[in-house]
Every structure is written in C-alpha cells, then in structure tokens.
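K.L.:
File start30.pdb follows (PDB, C-alpha atoms):
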ATOM      1  CA  MET A 453      52.105 123.992  40.238
ATOM      2  CA  GLY A 454      49.028 125.579  41.792
ATOM      3  CA  GLN A 455      48.406 126.299  45.442
ATOM      4  CA  ALA A 456      46.314 123.152  45.897
ATOM      5  CA  GLU A 457      49.103 120.979  44.481
ATOM      6  CA  LEU A 458      51.674 122.741  46.676
ATOM      7  CA  GLN A 459      49.597 121.952  49.751
ATOM      8  CA  LEU A 460      49.375 118.319  48.639
ATOM      9  CA  GLN A 461      53.155 118.123  48.235
ATOM     10  CA  ILE A 462      53.706 119.622  51.673
ATOM     11  CA  LYS A 463      51.236 117.120  53.112
ATOM     12  CA  ARG A 464      53.134 114.252  51.504
ATOM     13  CA  ILE A 465      56.392 115.479  52.989
ATOM     14  CA  GLN A 466      54.757 115.781  56.401
ATOM     15  CA  GLN A 467      53.530 112.183  56.122
ATOM     16  CA  ASP A 468      57.052 111.031  55.212
ATOM     17  CA  VAL A 469      58.391 112.880  58.256
ATOM     18  CA  LEU A 470      55.872 111.085  60.461
ATOM     19  CA  ARG A 471      56.871 107.736  58.966
ATOM     20  CA  MET A 472      60.498 108.581  59.636
ATOM     21  CA  GLY A 473      59.563 109.547  63.199
ATOM     22  CA  ALA A 474      57.851 106.192  63.747
ATOM     23  CA  LEU A 475      60.966 104.410  62.500
ATOM     24  CA  VAL A 476      63.217 106.444  64.786
ATOM     25  CA  GLU A 477      60.932 105.724  67.738
ATOM     26  CA  LYS A 478      61.198 102.005  66.944
ATOM     27  CA  SER A 479      65.005 102.318  66.882
ATOM     28  CA  VAL A 480      64.968 103.844  70.361
ATOM     29  CA  VAL A 481      62.758 100.992  71.624
ATOM     30  CA  LEU A 482      65.217  98.480  70.156
ATOM     31  CA  ALA A 483      68.120 100.270  71.858
ATOM     32  CA  GLN A 484      66.203 100.153  75.142
ATOM     33  CA  GLN A 485      65.701  96.404  74.766
ATOM     34  CA  ALA A 486      69.373  95.957  73.948
ATOM     35  CA  LEU A 487      70.577  97.910  76.976
ATOM     36  CA  PHE A 488      68.234  96.696  79.683
ATOM     37  CA  GLU A 489      67.124  93.269  78.455
ATOM     38  CA  GLN A 490      70.511  92.275  76.989
ATOM     39  CA  ASN A 491      68.715  91.651  73.702
ATOM     40  CA  LEU A 492      71.532  91.420  71.182
ATOM     41  CA  VAL A 493      69.160  90.831  68.263
ATOM     42  CA  ALA A 494      67.462  94.142  69.073
ATOM     43  CA  ALA A 495      70.879  95.815  69.176
ATOM     44  CA  GLU A 496      71.756  94.559  65.709
ATOM     45  CA  GLN A 497      68.349  95.638  64.398
ATOM     46  CA  ALA A 498      68.774  99.156  65.790
ATOM     47  CA  ILE A 499      72.206  99.441  64.165
ATOM     48  CA  ALA A 500      70.965  98.145  60.806
ATOM     49  CA  GLN A 501      67.862 100.341  60.886
ATOM     50  CA  ASP A 502      69.964 103.505  61.046
ATOM     51  CA  LYS A 503      70.647 103.196  57.314
ATOM     52  CA  GLN A 504      66.914 103.281  56.642
ATOM     53  CA  VAL A 505      66.572 106.373  58.836
ATOM     54  CA  ASP A 506      69.373 108.046  56.892
ATOM     55  CA  ARG A 507      67.637 107.261  53.576
ATOM     56  CA  PHE A 508      64.447 108.859  54.854
ATOM     57  CA  TYR A 509      66.411 111.944  55.890
ATOM     58  CA  ARG A 510      68.145 112.361  52.545
ATOM     59  CA  GLN A 511      64.932 111.866  50.557
ATOM     60  CA  ILE A 512      62.887 114.304  52.654
ATOM     61  CA  GLU A 513      65.612 116.928  52.530
ATOM     62  CA  LYS A 514      65.816 116.526  48.755
ATOM     63  CA  ASP A 515      62.032 116.822  48.405
ATOM     64  CA  CYS A 516      61.992 119.999  50.499
ATOM     65  CA  ILE A 517      64.811 121.608  48.525
ATOM     66  CA  ASN A 518      63.132 120.739  45.224
ATOM     67  CA  LEU A 519      59.832 122.168  46.403
ATOM     68  CA  ILE A 520      61.448 125.437  47.467
ATOM     69  CA  ALA A 521      63.385 125.700  44.193
ATOM     70  CA  LEU A 522      60.450 124.895  41.924
ATOM     71  CA  ARG A 523      57.621 126.651  43.728
ATOM     72  CA  SER A 524      59.298 129.507  45.646
ATOM     73  CA  PRO A 525      56.803 129.235  48.521
ATOM     74  CA  VAL A 526      56.250 132.188  50.832
ATOM     75  CA  ALA A 527      54.804 132.931  54.270
ATOM     76  CA  ARG A 528      53.354 129.922  56.100
ATOM     77  CA  ASP A 529      54.192 127.437  53.320
ATOM     78  CA  LEU A 530      57.865 128.406  53.397
ATOM     79  CA  ARG A 531      57.823 128.193  57.194
ATOM     80  CA  TRP A 532      56.375 124.695  56.972
ATOM     81  CA  ILE A 533      58.916 123.403  54.474
ATOM     82  CA  SER A 534      62.011 124.992  56.001
ATOM     83  CA  THR A 535      61.051 123.873  59.500
ATOM     84  CA  LEU A 536      60.398 120.307  58.361
ATOM     85  CA  MET A 537      63.911 120.284  56.884
ATOM     86  CA  GLN A 538      65.326 121.216  60.289
ATOM     87  CA  LEU A 539      63.052 118.800  62.096
ATOM     88  CA  VAL A 540      64.134 115.751  60.087
ATOM     89  CA  ARG A 541      67.732 116.567  60.989
ATOM     90  CA  ASP A 542      66.729 116.230  64.648
ATOM     91  CA  LEU A 543      65.099 112.870  63.886
ATOM     92  CA  GLU A 544      68.200 111.714  62.025
ATOM     93  CA  ARG A 545      70.381 112.581  65.006
ATOM     94  CA  ILE A 546      68.038 110.735  67.386
ATOM     95  CA  GLY A 547      68.361 107.712  65.099
ATOM     96  CA  ASP A 548      72.147 108.023  65.358
ATOM     97  CA  TYR A 549      71.945 108.053  69.152
ATOM     98  CA  ALA A 550      69.730 104.952  69.120
ATOM     99  CA  LYS A 551      72.414 103.205  67.065
ATOM    100  CA  ASP A 552      75.115 104.458  69.443
ATOM    101  CA  LEU A 553      73.184 103.155  72.464
ATOM    102  CA  ALA A 554      72.809  99.775  70.769
ATOM    103  CA  GLU A 555      76.561  99.660  70.205
ATOM    104  CA  VAL A 556      77.103 100.456  73.895
ATOM    105  CA  ALA A 557      74.764  97.573  74.755
ATOM    106  CA  LEU A 558      76.842  95.148  72.669
ATOM    107  CA  ARG A 559      79.918  96.061  74.728
ATOM    108  CA  LEU A 560      78.189  96.298  78.092
ATOM    109  CA  VAL A 561      76.675  92.813  77.838
ATOM    110  CA  MET A 562      80.143  91.348  78.393
ATOM    111  CA  TYR A 563      80.099  92.585  82.009
ATOM    112  CA  PRO A 564      77.843  91.943  85.021
ATOM    113  CA  PRO A 565      74.955  94.468  85.116
ATOM    114  CA  PRO A 566      76.297  97.638  86.825
ATOM    115  CA  PRO A 567      74.280  98.944  89.804
ATOM    116  CA  GLU A 568      73.688 102.290  88.070
ATOM    117  CA  LEU A 569      71.866 100.625  85.176
ATOM    118  CA  GLY A 570      68.474 100.984  86.866
ATOM    119  CA  ARG A 571      68.873 104.748  87.136
ATOM    120  CA  ILE A 572      69.949 104.939  83.505
ATOM    121  CA  GLN A 573      66.811 103.004  82.576
ATOM    122  CA  VAL A 574      64.662 105.632  84.312
ATOM    123  CA  MET A 575      66.501 108.324  82.360
ATOM    124  CA  MET A 576      65.886 106.466  79.111
ATOM    125  CA  GLN A 577      62.192 106.080  79.903
ATOM    126  CA  ARG A 578      61.955 109.853  80.286
ATOM    127  CA  CYS A 579      63.679 110.279  76.917
ATOM    128  CA  GLN A 580      61.326 107.821  75.229
ATOM    129  CA  LYS A 581      58.361 109.708  76.642
ATOM    130  CA  MET A 582      59.787 112.983  75.328
ATOM    131  CA  LEU A 583      60.264 111.549  71.847
ATOM    132  CA  SER A 584      56.705 110.221  71.891
ATOM    133  CA  HIS A 585      55.355 113.611  72.967
ATOM    134  CA  SER A 586      57.331 115.381  70.239
ATOM    135  CA  LEU A 587      55.874 113.101  67.562
ATOM    136  CA  VAL A 588      52.330 113.511  68.916
ATOM    137  CA  ALA A 589      52.849 117.293  68.867
ATOM    138  CA  LEU A 590      53.921 117.046  65.221
ATOM    139  CA  THR A 591      51.041 114.760  64.265
ATOM    140  CA  GLU A 592      48.402 116.930  65.941
ATOM    141  CA  LEU A 593      50.193 120.260  65.412
ATOM    142  CA  ASP A 594      49.924 120.868  69.153
ATOM    143  CA  ALA A 595      52.046 123.906  70.009
ATOM    144  CA  ASP A 596      51.390 123.629  73.755
ATOM    145  CA  LEU A 597      52.609 120.029  73.848
ATOM    146  CA  GLY A 598      55.610 121.049  71.777
ATOM    147  CA  ARG A 599      56.537 123.735  74.325
ATOM    148  CA  GLN A 600      56.054 121.269  77.190
ATOM    149  CA  LEU A 601      59.144 119.378  76.028
ATOM    150  CA  LYS A 602      61.356 122.098  77.504
ATOM    151  CA  ARG A 603      60.083 121.291  80.995
ATOM    152  CA  GLU A 604      60.446 117.558  80.468
ATOM    153  CA  ASP A 605      64.027 118.097  79.351
ATOM    154  CA  ASP A 606      64.885 119.603  82.742
ATOM    155  CA  ALA A 607      64.303 116.225  84.433
ATOM    156  CA  VAL A 608      66.595 114.485  81.927
ATOM    157  CA  ASP A 609      69.290 117.104  82.491
ATOM    158  CA  GLU A 610      69.046 116.476  86.227
ATOM    159  CA  ASP A 611      69.331 112.724  85.636
ATOM    160  CA  TYR A 612      72.427 113.317  83.537
ATOM    161  CA  THR A 613      74.111 115.525  86.124
ATOM    162  CA  ASN A 614      73.419 113.130  88.995
ATOM    163  CA  LEU A 615      74.508 110.042  87.074
ATOM    164  CA  TYR A 616      77.612 111.737  85.723
ATOM    165  CA  ASN A 617      78.678 112.730  89.229
ATOM    166  CA  THR A 618      78.069 109.203  90.501
ATOM    167  CA  LEU A 619      80.018 107.556  87.684
ATOM    168  CA  ALA A 620      82.860 110.069  87.428
ATOM    169  CA  GLN A 621      83.582 110.156  91.166
ATOM    170  CA  GLN A 622      84.005 106.424  91.658
ATOM    171  CA  SER A 623      87.402 105.722  93.197
ATOM    172  CA  ASP A 624      87.297 102.104  94.378
ATOM    173  CA  ILE A 625      87.121 100.455  90.964
ATOM    174  CA  ARG A 626      87.810  96.741  90.711
ATOM    175  CA  GLY A 627      88.417  95.259  87.305
ATOM    176  CA  SER A 628      87.891  97.035  84.018
ATOM    177  CA  VAL A 629      86.829 100.669  83.864
ATOM    178  CA  GLU A 630      85.102 100.053  80.522
ATOM    179  CA  PRO A 631      81.590  99.603  82.012
ATOM    180  CA  ILE A 632      81.848 103.042  83.625
ATOM    181  CA  LEU A 633      83.039 104.613  80.378
ATOM    182  CA  LEU A 634      80.225 102.913  78.475
ATOM    183  CA  MET A 635      77.623 104.194  80.920
ATOM    184  CA  LEU A 636      79.051 107.707  80.663
ATOM    185  CA  LEU A 637      78.639 107.454  76.908
ATOM    186  CA  ALA A 638      75.086 106.118  77.291
ATOM    187  CA  ILE A 639      73.905 108.980  79.493
ATOM    188  CA  ARG A 640      75.501 111.503  77.147
ATOM    189  CA  TYR A 641      73.664 109.987  74.193
ATOM    190  CA  LEU A 642      70.406 110.071  76.147
ATOM    191  CA  GLU A 643      70.916 113.694  77.153
ATOM    192  CA  ARG A 644      71.453 114.660  73.519
ATOM    193  CA  LEU A 645      68.463 112.568  72.419
ATOM    194  CA  ALA A 646      66.297 114.546  74.822
ATOM    195  CA  ASP A 647      67.698 117.820  73.464
ATOM    196  CA  HIS A 648      66.722 116.891  69.913
ATOM    197  CA  SER A 649      63.243 115.866  71.070
ATOM    198  CA  THR A 650      62.961 119.313  72.665
ATOM    199  CA  ASN A 651      64.042 120.865  69.371
ATOM    200  CA  ILE A 652      61.255 119.022  67.567
ATOM    201  CA  GLY A 653      58.713 120.371  70.041
ATOM    202  CA  GLN A 654      59.958 123.915  69.556
ATOM    203  CA  ARG A 655      59.881 123.548  65.787
ATOM    204  CA  VAL A 656      56.274 122.328  65.928
ATOM    205  CA  ALA A 657      55.339 125.361  68.003
ATOM    206  CA  PHE A 658      57.024 127.588  65.402
ATOM    207  CA  ILE A 659      55.154 125.916  62.544
ATOM    208  CA  VAL A 660      51.854 126.523  64.305
ATOM    209  CA  THR A 661      52.392 130.014  65.700
ATOM    210  CA  GLY A 662      55.141 131.525  63.554
ATOM    211  CA  GLN A 663      56.849 132.633  66.794
ATOM    212  CA  ARG A 664      60.087 131.359  68.290
ATOM    213  CA  ASP A 665      60.274 130.957  72.067
TER     214      ASP A 665
END
Would you mind giving the structure from this file in structure tokens?
P.N.:
Amino acid sequence: MGQAELQLQIKRIQQDVLRMGALVEKSVVLAQQALFEQNLVAAEQAIAQDKQVDRFYRQIEKDCINLIALRSPVARDLRWISTLMQLVRDLERIGDYAKDLAEVALRLVMYPPPPELGRIQVMMQRCQKMLSHSLVALTELDADLGRQLKREDDAVDEDYTNLYNTLAQQSDIRGSVEPILLMLLAIRYLERLADHSTNIGQRVAFIVTGQRD
C-alpha cells in the first residue's frame, strides 16, 4: 500500500465517522422529540437506531486497527487514525445516551409534565448545539471551534448543578417519586453527552495541531 492509497483509506474512514456522527445527531433529535413532545414513535426509533450506531463503531474501529497493523503509519497519519478510533468511542457513547434519554421519555410520559421539564429542555438544546459544533469542527477540521466546546460545556455543567439541586432538595412530594428520579437520570445523561461532545472537539484540535490542551 503506497502513501496515496493510505491517504485514501484514511479519508474513507473519516467519511464513515462523519456518517456515524450524522446518525448519532439524528438519535439525539429523536430523543429530544420523545422527551419534550411525548413522541413515543421517536423514542422507539432512537432505541432501535442505537444498534446501527454500534455497528458503525465496531466497523470503524476494525478498519482503523487493520490499517495500523497493515501499514504501520507514522507521524500525522498515525495521529489521524488513532484519534479517530478514540473519537468514534465518544460518538458511540453519545448514541447510548440518546437511547437512555428515549427510555426515560417512555417512562416519563406516564406522568403529568413536571415543571422542571422546560429547564431540562434548555439544557438539552445546549447539548444539541455542542454536538453540532463538534461535528462541524470534525468536518471542517476547525481546531478553534473544537476548543470552543470547552466553554460551551461550562453552561451545561451549570445547568446540571442547578437542576440537580432543585430536584434533589424537593421535600413536599405528592405521589410517585419516579418522575424526579427520571429527571435526575436525564440531566446526568445530558451532562455526559456534553462531556463527550467536548472530547470530540479536543480530539479534532489534536488532529489539526498535534498538541493537547
């Protein structure tokens, strides 16, 4: 395998990663529809789609390992391949959290909409924006946009802290406590989703610059 063919193989893997990213982004949109529009069809689609995300992850990881084993890339090529392997793990985890949020939605729909749901929706919108920015950074190899994710993550962390305190400190609870527990799970999933989006941004910056922040 010559250098030109190696570059072509890396490009193909990058395109597969972007396709996986688009699928994961769709899963998050479906989870959003399930949670805040009580769209149970969207919830089932998000749960089913996770298997497709997992297949993407396994195939890309296999392709990266084979390329390293067969070609023994060095320098920037090795950085590209090894970082893409880490990056697809972040995407796979985001897909898992989309599935988890959809499962929360299937339970939460049995109760009247909790008053905190609007604040959770704002938090989720921030997370969706972060995921979108991380994928744009990867597509355009924009290191500055990748680094920006760290600052965006601060707002999500603040959302998480404020919502956790609100939910955990409720004392006058009438009826089932399950809605509160479900919302605590939802904000935890969102906080982790944002963390993995931040990871993607940092990995893009590393691909471009070769430096870790």
K.L.:
With all atoms of region 591-604 of chain A from the file as input, state the centre and edge lengths in Å to one decimal of the axis-aligned box that has 5 Å extra on each side, as AutoDock Vina command-line options.
P.N.:
--center_x 54.9 --center_y 119.3 --center_z 72.6 --size_x 23.0 --size_y 19.1 --size_z 26.7
K.L.:
Check which residues satisfy the PyMOL selection byres ((chain A and resi 558) around 9) in the file shown, then give them as a ChimeraX atom specification.
P.N.:
/A:486-487,490-492,495-496,553-557,559-562
K.L.:
Got a sec: who's within 8 Å of Asn651 (chain A), counting all atoms listed in the file, leaving out chain neighbours fewer than 3 positions off, as number ranges by chain?
P.N.:
A: 539, 542, 647-648, 654-655
K.L.:
Name the closest residue to Val588 (chain A) among the candidates A:Ile652, A:Val493, A:Ser628, A:Cys516; distances are taken between atoms, counting all atoms listed in the file.
P.N.:
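Looking only at the distances to Val588 (chain A), the closest residue turns out to be A:Ile652.
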K.L.:
My list of candidates is A:Tyr509, A:Leu590, A:Glu568, A:Leu642. Which is closest to Asn617 (chain A) when distances are computed with all atoms listed in the file?
P.N.:
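Smallest distance to Asn617 (chain A) is found for A:Glu568.
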K.L.:
What does the PyMOL selection byres ((chain A and resi 545) around 10) select in this file, as JSON, numbers by chain?
P.N.:
{"A": [476, 502, 505, 506, 509, 540, 541, 542, 543, 544, 546, 547, 548, 549, 550, 551, 644, 645, 648, 649]}
K.L.:
Running the PyMOL selection byres ((chain A and resi 609) around 12) on this model by hand, what would come out? Give it as a list in words.
P.N.:
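That selection, the PyMOL selection byres ((chain A and resi 609) around 12), comes back as Met575, Met576, Arg578, Cys579, Lys602, Arg603, Glu604, Asp605, Asp606, Ala607, Val608, Glu610, Asp611, Tyr612, Thr613, Asn614, Leu615, Tyr616, Ile639, Arg640, Tyr641, Leu642, Glu643, Arg644, Leu645, Ala646, Asp647 and Thr650 of chain A.
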K.L.:
What is the distance, in Å and to one decimal place, between CA of Gln663 (chain A) and CA of Leu597 (chain A)?
P.N.:
15.1 Å
K.L.:
Ranking A:Leu569, A:Leu601, A:Val660, A:Val526 by minimum distance to Leu458 (chain A) and counting all atoms listed in the file, which one comes first?
P.N.:
A:Val526
K.L.:
Could you check how far CA of Ala494 (chain A) sits from CA of Val480 (chain A), in Å to one decimal?
P.N.:
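CA of Val480 (chain A) lies at a distance of 10.1 Å from CA of Ala494 (chain A).
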K.L.:
Could you give me, as a PDB file with C-alpha atoms, keeping the file's coordinate frame, the residues within 9 Å of Asp665 (chain A), counting only C-alpha atoms and dropping anything in the same chain fewer than 5 positions from it?
P.N.:
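Output file part.pdb follows:
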ATOM      1  CA  ARG A 599      56.537 123.735  74.325  1.00  0.00           C
ATOM      2  CA  GLN A 654      59.958 123.915  69.556  1.00  0.00           C
ATOM      3  CA  ALA A 657      55.339 125.361  68.003  1.00  0.00           C
ATOM      4  CA  PHE A 658      57.024 127.588  65.402  1.00  0.00           C
TER       5      PHE A 658
END
K.L.:
Which of these residues is nearest to Gln484 (chain A), using all atoms listed in the file: A:Ala456, A:Met635, A:Val656, A:Ile572?
P.N.:
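Nearest candidate to Gln484 (chain A) out of A:Ala456, A:Met635, A:Val656, A:Ile572: A:Ile572.
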K.L.:
Between A:Ser534, A:Gln485, A:Gln622, A:Gln497, which is the closest to Lys514 (chain A) once you count all atoms listed in the file?
P.N.:
A:Ser534
K.L.:
Which polymer residues have any atom within 12 Å of an atom of Arg471 (chain A), counting only C-alpha atoms, with same-chain residues fewer than 3 positions away left out, as a VMD selection string?
P.N.:
chain A and resid 464 to 468 474 to 478 504 to 505 508 to 509 512 540 543 587 590 to 591
K.L.:
Find the distance between CA of Arg531 (chain A) and CA of Gln459 (chain A) and write it in Å to one decimal.
P.N.:
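CA of Gln459 (chain A) lies at a distance of 12.7 Å from CA of Arg531 (chain A).
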K.L.:
From the set A:Leu593, A:Leu637, A:Ile533, A:Ile632, which residue has the shortest atom-to-atom contact distance to Pro564 (chain A), counting only C-alpha atoms?
P.N.:
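Once distances to Pro564 (chain A) are computed over only C-alpha atoms, the minimum belongs to A:Ile632.
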